[in-house]
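Chemist: Below you'll find entry_16.pdb; it's PDB, C-alpha atoms, pLDDT in the B column.
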```pdb
ATOM      1  CA  MET E 198     137.018  83.669 131.575  1.00 54.00           C
ATOM      2  CA  VAL E 199     138.981  86.719 130.465  1.00 54.00           C
ATOM      3  CA  LYS E 200     135.855  88.887 130.681  1.00 58.00           C
ATOM      4  CA  LYS E 201     135.202  87.662 134.217  1.00 57.00           C
ATOM      5  CA  LYS E 202     138.796  88.441 135.240  1.00 58.00           C
ATOM      6  CA  ASN E 203     138.558  91.944 133.711  1.00 59.00           C
ATOM      7  CA  LEU E 204     135.239  92.495 135.460  1.00 55.00           C
ATOM      8  CA  TRP E 205     136.740  91.563 138.851  1.00 60.00           C
ATOM      9  CA  SER E 206     139.765  93.822 138.201  1.00 63.00           C
ATOM     10  CA  LEU E 207     137.505  96.703 137.242  1.00 55.00           C
ATOM     11  CA  LEU E 208     135.344  96.088 140.314  1.00 55.00           C
ATOM     12  CA  ALA E 209     138.423  95.987 142.565  1.00 56.00           C
ATOM     13  CA  ILE E 210     139.740  99.271 141.113  1.00 61.00           C
ATOM     14  CA  MET E 211     136.351 100.947 141.619  1.00 58.00           C
ATOM     15  CA  MET E 212     136.183  99.764 145.250  1.00 58.00           C
ATOM     16  CA  VAL E 213     139.701 101.052 145.969  1.00 54.00           C
ATOM     17  CA  ALA E 214     138.770 104.395 144.387  1.00 54.00           C
ATOM     18  CA  MET E 215     135.561 104.630 146.462  1.00 56.00           C
ATOM     19  CA  PHE E 216     137.386 103.828 149.693  1.00 54.00           C
ATOM     20  CA  SER E 217     140.107 106.375 148.973  1.00 54.00           C
ATOM     21  CA  PHE E 218     137.517 109.105 148.305  1.00 51.00           C
ATOM     22  CA  SER E 219     135.603 108.266 151.458  1.00 49.00           C
ATOM     23  CA  PHE E 220     138.739 108.552 153.612  1.00 50.00           C
ATOM     24  CA  VAL E 221     139.873 111.762 151.956  1.00 51.00           C
ATOM     25  CA  SER E 222     136.503 113.477 151.979  1.00 50.00           C
ATOM     26  CA  CYS E 223     135.803 112.955 155.677  1.00 52.00           C
ATOM     27  CA  GLY E 224     136.884 115.954 157.709  1.00 52.00           C
ATOM     28  CA  ASP E 225     137.952 115.961 161.334  1.00 54.00           C
ATOM     29  CA  ASP E 226     135.074 117.438 163.316  1.00 52.00           C
ATOM     30  CA  ASP E 227     136.731 116.756 166.671  1.00 53.00           C
ATOM     31  CA  ASP E 228     138.469 120.134 166.823  1.00 54.00           C
ATOM     32  CA  GLU E 229     135.962 122.434 168.464  1.00 52.00           C
ATOM     33  CA  LYS E 230     136.965 126.049 168.329  1.00 49.00           C
ATOM     34  CA  THR E 231     135.565 128.577 170.749  1.00 43.00           C
ATOM     35  CA  PRO E 232     133.976 131.444 168.879  1.00 36.00           C
ATOM     36  CA  GLU E 233     135.229 134.942 169.647  1.00 45.00           C
ATOM     37  CA  ALA E 234     131.799 135.877 170.961  1.00 34.00           C
ATOM     38  CA  ASN E 235     132.244 133.395 173.806  1.00 44.00           C
ATOM     39  CA  GLU E 236     135.459 134.955 175.086  1.00 71.00           C
ATOM     40  CA  ILE E 237     135.309 135.928 178.728  1.00 82.00           C
ATOM     41  CA  THR E 238     135.170 139.692 179.168  1.00 88.00           C
ATOM     42  CA  ILE E 239     134.723 142.079 182.057  1.00 93.00           C
ATOM     43  CA  LEU E 240     131.479 143.384 180.575  1.00 93.00           C
ATOM     44  CA  GLY E 241     128.534 143.142 182.911  1.00 92.00           C
ATOM     45  CA  THR E 242     127.945 143.753 186.598  1.00 94.00           C
ATOM     46  CA  TRP E 243     130.370 142.506 189.241  1.00 95.00           C
ATOM     47  CA  TYR E 244     129.692 142.434 192.998  1.00 94.00           C
ATOM     48  CA  GLY E 245     132.106 142.384 195.904  1.00 92.00           C
ATOM     49  CA  ILE E 246     132.273 143.090 199.632  1.00 87.00           C
ATOM     50  CA  GLU E 247     133.834 146.261 201.002  1.00 82.00           C
ATOM     51  CA  GLY E 248     133.688 146.376 204.756  1.00 81.00           C
ATOM     52  CA  ALA E 249     130.133 145.336 205.600  1.00 83.00           C
ATOM     53  CA  ASP E 250     128.676 146.635 202.347  1.00 86.00           C
ATOM     54  CA  VAL E 251     128.138 145.154 198.919  1.00 89.00           C
ATOM     55  CA  VAL E 252     129.713 147.162 196.107  1.00 92.00           C
ATOM     56  CA  SER E 253     129.146 146.742 192.409  1.00 93.00           C
ATOM     57  CA  TYR E 254     130.904 147.724 189.215  1.00 93.00           C
ATOM     58  CA  GLN E 255     128.951 147.754 185.977  1.00 94.00           C
ATOM     59  CA  TYR E 256     131.205 147.665 182.890  1.00 95.00           C
ATOM     60  CA  ASN E 257     129.573 148.752 179.621  1.00 95.00           C
ATOM     61  CA  ALA E 258     130.842 147.976 176.119  1.00 94.00           C
ATOM     62  CA  ASP E 259     131.499 151.675 175.399  1.00 96.00           C
ATOM     63  CA  GLY E 260     134.210 151.992 178.088  1.00 96.00           C
ATOM     64  CA  THR E 261     131.955 153.558 180.708  1.00 96.00           C
ATOM     65  CA  GLY E 262     130.661 152.148 183.938  1.00 96.00           C
ATOM     66  CA  ILE E 263     128.841 152.765 187.197  1.00 95.00           C
ATOM     67  CA  PHE E 264     130.254 152.124 190.661  1.00 93.00           C
ATOM     68  CA  SER E 265     127.606 151.522 193.352  1.00 93.00           C
ATOM     69  CA  TYR E 266     128.283 151.603 197.077  1.00 88.00           C
ATOM     70  CA  GLY E 267     125.184 151.638 199.258  1.00 82.00           C
ATOM     71  CA  ASP E 268     123.069 154.556 198.010  1.00 86.00           C
ATOM     72  CA  VAL E 269     125.980 156.180 196.147  1.00 90.00           C
ATOM     73  CA  MET E 270     126.372 155.701 192.392  1.00 94.00           C
ATOM     74  CA  VAL E 271     129.385 157.138 190.570  1.00 95.00           C
ATOM     75  CA  LYS E 272     130.048 157.060 186.821  1.00 96.00           C
ATOM     76  CA  PHE E 273     133.533 156.154 185.632  1.00 97.00           C
ATOM     77  CA  SER E 274     135.434 155.329 182.483  1.00 97.00           C
ATOM     78  CA  TYR E 275     137.704 152.350 182.021  1.00 97.00           C
ATOM     79  CA  SER E 276     140.001 150.534 179.660  1.00 96.00           C
ATOM     80  CA  TYR E 277     140.913 146.876 179.782  1.00 95.00           C
ATOM     81  CA  ASP E 278     143.946 145.313 178.104  1.00 94.00           C
ATOM     82  CA  ALA E 279     143.218 141.573 178.043  1.00 92.00           C
ATOM     83  CA  ASN E 280     146.741 140.686 176.882  1.00 92.00           C
ATOM     84  CA  ALA E 281     148.421 142.616 179.702  1.00 94.00           C
ATOM     85  CA  LYS E 282     145.599 141.694 182.121  1.00 94.00           C
ATOM     86  CA  ARG E 283     145.402 145.334 183.175  1.00 96.00           C
ATOM     87  CA  LEU E 284     142.237 147.250 184.081  1.00 96.00           C
ATOM     88  CA  THR E 285     142.411 151.043 184.416  1.00 97.00           C
ATOM     89  CA  GLN E 286     139.455 152.879 185.924  1.00 96.00           C
ATOM     90  CA  THR E 287     139.171 156.661 185.950  1.00 96.00           C
ATOM     91  CA  VAL E 288     136.807 158.026 188.588  1.00 92.00           C
ATOM     92  CA  MET E 289     136.361 161.802 188.992  1.00 90.00           C
ATOM     93  CA  GLY E 290     139.734 162.448 187.324  1.00 93.00           C
ATOM     94  CA  GLU E 291     141.690 159.917 189.371  1.00 95.00           C
ATOM     95  CA  SER E 292     142.958 156.676 187.805  1.00 95.00           C
ATOM     96  CA  TYR E 293     143.163 153.306 189.514  1.00 94.00           C
ATOM     97  CA  VAL E 294     145.074 150.476 187.880  1.00 96.00           C
ATOM     98  CA  TYR E 295     144.456 146.810 188.632  1.00 96.00           C
ATOM     99  CA  GLU E 296     146.294 143.682 187.575  1.00 97.00           C
ATOM    100  CA  ILE E 297     143.642 141.075 186.822  1.00 96.00           C
ATOM    101  CA  ILE E 298     144.825 137.900 188.547  1.00 96.00           C
ATOM    102  CA  THR E 299     141.801 135.738 187.739  1.00 95.00           C
ATOM    103  CA  LEU E 300     139.021 136.219 185.215  1.00 95.00           C
ATOM    104  CA  THR E 301     136.465 133.468 184.692  1.00 93.00           C
ATOM    105  CA  ALA E 302     132.847 133.562 183.574  1.00 91.00           C
ATOM    106  CA  ASP E 303     131.733 134.347 187.138  1.00 91.00           C
ATOM    107  CA  THR E 304     134.819 135.466 189.139  1.00 95.00           C
ATOM    108  CA  MET E 305     137.232 138.366 188.804  1.00 95.00           C
ATOM    109  CA  VAL E 306     140.172 138.915 191.163  1.00 96.00           C
ATOM    110  CA  GLY E 307     142.135 142.136 190.804  1.00 95.00           C
ATOM    111  CA  LYS E 308     145.174 143.554 192.564  1.00 96.00           C
ATOM    112  CA  ASN E 309     145.576 147.326 192.921  1.00 94.00           C
ATOM    113  CA  ILE E 310     149.104 147.954 191.628  1.00 94.00           C
ATOM    114  CA  VAL E 311     149.638 150.924 193.975  1.00 92.00           C
ATOM    115  CA  SER E 312     148.251 149.648 197.290  1.00 92.00           C
ATOM    116  CA  GLY E 313     148.653 145.922 196.615  1.00 93.00           C
ATOM    117  CA  GLY E 314     145.117 145.335 197.840  1.00 92.00           C
ATOM    118  CA  ILE E 315     143.342 142.345 196.334  1.00 93.00           C
ATOM    119  CA  ARG E 316     139.611 142.414 195.609  1.00 91.00           C
ATOM    120  CA  THR E 317     137.376 139.559 194.504  1.00 94.00           C
ATOM    121  CA  PHE E 318     134.184 140.105 192.527  1.00 94.00           C
ATOM    122  CA  THR E 319     131.399 137.807 191.403  1.00 94.00           C
ATOM    123  CA  ARG E 320     129.527 138.336 188.143  1.00 91.00           C
ATOM    124  CA  GLN E 321     125.818 138.354 188.739  1.00 78.00           C
ATOM    125  CA  GLU E 322     123.041 137.665 186.298  1.00 64.00           C
ATOM    126  CA  PRO E 323     120.232 140.214 186.715  1.00 53.00           C
ATOM    127  CA  ASP E 324     117.515 137.621 187.376  1.00 51.00           C
ATOM    128  CA  LYS E 325     119.447 135.481 189.891  1.00 51.00           C
ATOM    129  CA  PRO E 326     119.923 136.019 193.641  1.00 48.00           C
ATOM    130  CA  LEU E 327     123.275 137.352 194.832  1.00 47.00           C
ATOM    131  CA  TYR E 328     125.567 134.852 196.559  1.00 47.00           C
ATOM    132  CA  LEU E 329     128.988 136.059 197.727  1.00 44.00           C
TER     133      LEU E 329
END
```
For the file at hand, write its structure as structure tokens.

Modeler:
Amino acid sequence: MVKKKNLWSLLAIMMVAMFSFSFVSCGDDDDEKTPEANEITILGTWYGIEGADVVSYQYNADGTGIFSYGDVMVKFSYSYDANAKRLTQTVMGESYVYEIITLTADTMVGKNIVSGGIRTFTRQEPDKPLYL
């Protein structure tokens, strides 16, 4: 009788130990963190409308870019401060500064801090048709 009681006590202690380890060892996988590589950037090609024409800005990772307007293509340099939401473009020695109002995976809205003009651009994948 004493052996049976000790056996049940030992079994109960082992079960409690197993349950405590199973609760402690399980991690919380519900917290999904967005990797840095998936952060939204201005890199890529953005299209907008200027008058009756489509314009594009191509932003490269090295701080250079190409502005296209009809048949005209102009190289420029740029810097983008994501914390300040400020984009500075230098074209032929003249700088233009924009406050980035909206930046999503496919839309960028910028306000020229000198003129106050607001421009909206759509990011376009190279193999997809352009919809503005």

Chemist: How many Å lie between CA of Ser292 in chain E and CA of Ala249 in chain E, rounded to one decimal?

Modeler: 24.7 Å

Chemist: Kindly indicate which residue among E:Met289, E:Val251, E:Met270, E:Leu284 lies nearest to Val306 in chain E, using only C-alpha atoms for the distances.

Modeler: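 Of the candidates, the smallest distance to Val306 in chain E is held by E:Leu284.
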
Chemist: Excluding Gly262 in chain E and its own-chain neighbours fewer than 3 positions away, which residues fall within 7 Å of it when counting all atoms listed in the file? Please give them as a PDB file with C-alpha atoms, keeping the file's coordinate frame.

Modeler:
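Result file part_17.pdb:
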```pdb
ATOM      1  CA  TYR E 254     130.904 147.724 189.215  1.00 93.00           C
ATOM      2  CA  GLN E 255     128.951 147.754 185.977  1.00 94.00           C
ATOM      3  CA  TYR E 256     131.205 147.665 182.890  1.00 95.00           C
ATOM      4  CA  ASN E 257     129.573 148.752 179.621  1.00 95.00           C
ATOM      5  CA  LYS E 272     130.048 157.060 186.821  1.00 96.00           C
ATOM      6  CA  PHE E 273     133.533 156.154 185.632  1.00 97.00           C
ATOM      7  CA  SER E 274     135.434 155.329 182.483  1.00 97.00           C
TER       8      SER E 274
END
```

Chemist: With the file shown as input, list the residues that the PyMOL selection byres ((chain E and resi 247) around 12) selects, as a compact mmCIF listing (two decimals) with C-alpha atoms, in the coordinates of the input.

Modeler:
```txt
# COMPACT_ATOMS: atom_id res chain seq x y z
CA TYR E 244 129.69 142.43 193.00
CA GLY E 245 132.11 142.38 195.90
CA ILE E 246 132.27 143.09 199.63
CA GLY E 248 133.69 146.38 204.76
CA ALA E 249 130.13 145.34 205.60
CA ASP E 250 128.68 146.64 202.35
CA VAL E 251 128.14 145.15 198.92
CA VAL E 252 129.71 147.16 196.11
CA SER E 253 129.15 146.74 192.41
CA SER E 265 127.61 151.52 193.35
CA TYR E 266 128.28 151.60 197.08
CA GLY E 267 125.18 151.64 199.26
CA GLY E 314 145.12 145.34 197.84
CA ILE E 315 143.34 142.34 196.33
CA ARG E 316 139.61 142.41 195.61
CA THR E 317 137.38 139.56 194.50
CA PHE E 318 134.18 140.10 192.53
CA LEU E 329 128.99 136.06 197.73
```

Chemist: Please compute the CA of Arg283 in chain E-CA of Thr238 in chain E distance, one decimal, in Å.

Modeler: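 Spanning CA of Arg283 in chain E to CA of Thr238 in chain E is a straight-line distance of 12.4 Å.
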
Chemist: Please report the interatomic distance between CA of Gly290 in chain E and CA of Ile237 in chain E in Å with one decimal.

Modeler: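 Answer for the CA of Gly290 in chain E to CA of Ile237 in chain E separation: 28.2 Å.
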
Chemist: Selected by the PyMOL selection byres ((chain E and resi 310) around 9) in the shown coordinates: which residues, as JSON, numbers by chain?

Modeler: {"E": [293, 294, 295, 296, 308, 309, 311, 312, 313, 314]}

Chemist: Next, dump the selected residues to file, keeping only C-alpha atoms, as a PDB file, in the frame of the given file.

Modeler:
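Result written to again-v4.pdb:
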```pdb
ATOM      1  CA  TYR E 293     143.163 153.306 189.514  1.00 94.00           C
ATOM      2  CA  VAL E 294     145.074 150.476 187.880  1.00 96.00           C
ATOM      3  CA  TYR E 295     144.456 146.810 188.632  1.00 96.00           C
ATOM      4  CA  GLU E 296     146.294 143.682 187.575  1.00 97.00           C
ATOM      5  CA  LYS E 308     145.174 143.554 192.564  1.00 96.00           C
ATOM      6  CA  ASN E 309     145.576 147.326 192.921  1.00 94.00           C
ATOM      7  CA  VAL E 311     149.638 150.924 193.975  1.00 92.00           C
ATOM      8  CA  SER E 312     148.251 149.648 197.290  1.00 92.00           C
ATOM      9  CA  GLY E 313     148.653 145.922 196.615  1.00 93.00           C
ATOM     10  CA  GLY E 314     145.117 145.335 197.840  1.00 92.00           C
TER      11      GLY E 314
END
```

Chemist: Evaluating the PyMOL selection byres ((chain E and resi 276) around 7) on the displayed file yields which residues, as a list in words?

Modeler: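 Output of the PyMOL selection byres ((chain E and resi 276) around 7): Gly260, Tyr275, Tyr277, Asp278, Leu284, Thr285 and Gln286 of chain E.
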
Chemist: Determine the nearest neighbour of Gly241 in chain E from the options E:Ile263, E:Ile298, E:Glu291, E:Gly307, counting only C-alpha atoms.

Modeler: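 Counting only C-alpha atoms, the residue closest to Gly241 in chain E is E:Ile263.
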